[in-house]
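Notes follow once the structure below has been shown.
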Amino acid sequence: YAATAVIGKAGYGTISEAWGMQKPFFGVYRKKFRESSVLRDFAEKELIHQEIEENQLNDLSWLKGMVFKKSVLPTRENNGANEIALQFLRTLAVY
């Protein structure tokens, strides 16, 4: 939670961590990974997001064009852990 942003390879784990912590995500998407388009679509919709190419990551040129499309402050009031806990409690209350 101390990070300002998440930077790295775009995969399920990395994107879900950025989403869960409500942090901007700067990601490199693998061209031959069939799920990349789904992950990219999710990141563009749900995160402050910027795609970077691998060569840009290596030479740090992506830093020059860093743009935040939305506020860097968290915008979501609820999170997955709280939602699961509430659903669990609601389920137990039925019995």
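Quick note on naming: the chains in the structure tokens go A, B, ... in the order shown, residues restart at 1 in each chain, and ligands are numbered from 1 in order of appearance.
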
Polymer residues at most 6 Å from range 45-56 of chain A, only C-alpha atoms, same-chain spacing of 2 or more positions, as an NGL selection string: :A and (24-28 or 42-43 or 58-62)

Range 9-94 of chain A: residues DSSP assigns to alpha helix (DSSP H), reported as a PyMOL selection string: chain A and resi 12-21+36-46+54-59+80-94

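Each of A:Leu63, A:Val38, A:Ile7, A:Ala2 was checked against Met21 in chain A using only C-alpha atoms; the smallest atom-to-atom distance is that of A:Ala2.
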
Spatial neighbours of Ala10 in chain A, 8 Å, only C-alpha atoms, chain gap at least 2 places, as a PyMOL selection string: chain A and resi 8+12+14-15+27-30+36+39

Print the selection's residues with N, CA, C and O atoms to a file, as a PDB file, in the first residue's frame.
ATOM      1  N   GLY A   8       5.025  -3.127 -14.229  1.00  0.00           N
ATOM      2  CA  GLY A   8       5.543  -4.455 -14.496  1.00  0.00           C
ATOM      3  C   GLY A   8       4.795  -5.183 -15.584  1.00  0.00           C
ATOM      4  O   GLY A   8       4.023  -4.605 -16.338  1.00  0.00           O
ATOM      5  N   TYR A  12      -2.545 -11.635 -14.444  1.00  0.00           N
ATOM      6  CA  TYR A  12      -3.697 -11.617 -13.550  1.00  0.00           C
ATOM      7  C   TYR A  12      -3.331 -11.115 -12.156  1.00  0.00           C
ATOM      8  O   TYR A  12      -4.023 -10.282 -11.584  1.00  0.00           O
ATOM      9  N   THR A  14      -0.682  -9.317 -11.021  1.00  0.00           N
ATOM     10  CA  THR A  14      -0.226  -7.935 -10.947  1.00  0.00           C
ATOM     11  C   THR A  14      -1.381  -6.960 -11.102  1.00  0.00           C
ATOM     12  O   THR A  14      -1.520  -6.000 -10.339  1.00  0.00           O
ATOM     13  N   ILE A  15      -2.237  -7.220 -12.068  1.00  0.00           N
ATOM     14  CA  ILE A  15      -3.369  -6.321 -12.301  1.00  0.00           C
ATOM     15  C   ILE A  15      -4.359  -6.381 -11.137  1.00  0.00           C
ATOM     16  O   ILE A  15      -4.873  -5.353 -10.702  1.00  0.00           O
ATOM     17  N   GLY A  27       1.880  -1.143 -17.399  1.00  0.00           N
ATOM     18  CA  GLY A  27       2.149  -2.532 -17.685  1.00  0.00           C
ATOM     19  C   GLY A  27       2.653  -2.845 -19.066  1.00  0.00           C
ATOM     20  O   GLY A  27       2.304  -2.190 -20.045  1.00  0.00           O
ATOM     21  N   VAL A  28       3.466  -3.891 -19.119  1.00  0.00           N
ATOM     22  CA  VAL A  28       3.949  -4.457 -20.373  1.00  0.00           C
ATOM     23  C   VAL A  28       3.101  -5.697 -20.645  1.00  0.00           C
ATOM     24  O   VAL A  28       3.031  -6.605 -19.807  1.00  0.00           O
ATOM     25  N   TYR A  29       2.432  -5.716 -21.783  1.00  0.00           N
ATOM     26  CA  TYR A  29       1.570  -6.837 -22.163  1.00  0.00           C
ATOM     27  C   TYR A  29       2.309  -7.762 -23.114  1.00  0.00           C
ATOM     28  O   TYR A  29       2.960  -7.305 -24.048  1.00  0.00           O
ATOM     29  N   ARG A  30       2.194  -9.062 -22.868  1.00  0.00           N
ATOM     30  CA  ARG A  30       2.852 -10.056 -23.722  1.00  0.00           C
ATOM     31  C   ARG A  30       2.051 -10.241 -25.002  1.00  0.00           C
ATOM     32  O   ARG A  30       0.849 -10.491 -24.964  1.00  0.00           O
ATOM     33  N   SER A  36      -4.006 -11.339 -22.893  1.00  0.00           N
ATOM     34  CA  SER A  36      -3.541  -9.953 -22.799  1.00  0.00           C
ATOM     35  C   SER A  36      -4.620  -8.946 -23.176  1.00  0.00           C
ATOM     36  O   SER A  36      -4.752  -7.905 -22.534  1.00  0.00           O
ATOM     37  N   LEU A  39      -7.046  -8.613 -20.264  1.00  0.00           N
ATOM     38  CA  LEU A  39      -6.402  -7.891 -19.166  1.00  0.00           C
ATOM     39  C   LEU A  39      -6.269  -6.403 -19.491  1.00  0.00           C
ATOM     40  O   LEU A  39      -6.512  -5.549 -18.638  1.00  0.00           O
TER      41      LEU A  39
END

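Within 12 Å of Ala81 in chain A, once only C-alpha atoms are used and residues closer than 4 positions along the same chain are dropped, the contacting residues are Gly20, Met21, Ala85, Leu86, Gln87 and Phe88 of chain A.
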
Residues just named, written with C-alpha atoms as an mmCIF file, in the first residue's frame:
data_model
loop_
_atom_site.group_PDB
_atom_site.id
_atom_site.type_symbol
_atom_site.label_atom_id
_atom_site.label_comp_id
_atom_site.auth_asym_id
_atom_site.auth_seq_id
_atom_site.Cartn_x
_atom_site.Cartn_y
_atom_site.Cartn_z
ATOM 1 C CA GLY A 20 -7.209 -4.114 -5.072
ATOM 2 C CA MET A 21 -4.881 -1.399 -3.798
ATOM 3 C CA ALA A 85 -16.792 -10.929 4.178
ATOM 4 C CA LEU A 86 -20.224 -9.271 3.972
ATOM 5 C CA GLN A 87 -21.547 -11.965 1.627
ATOM 6 C CA PHE A 88 -20.210 -14.655 3.955
#
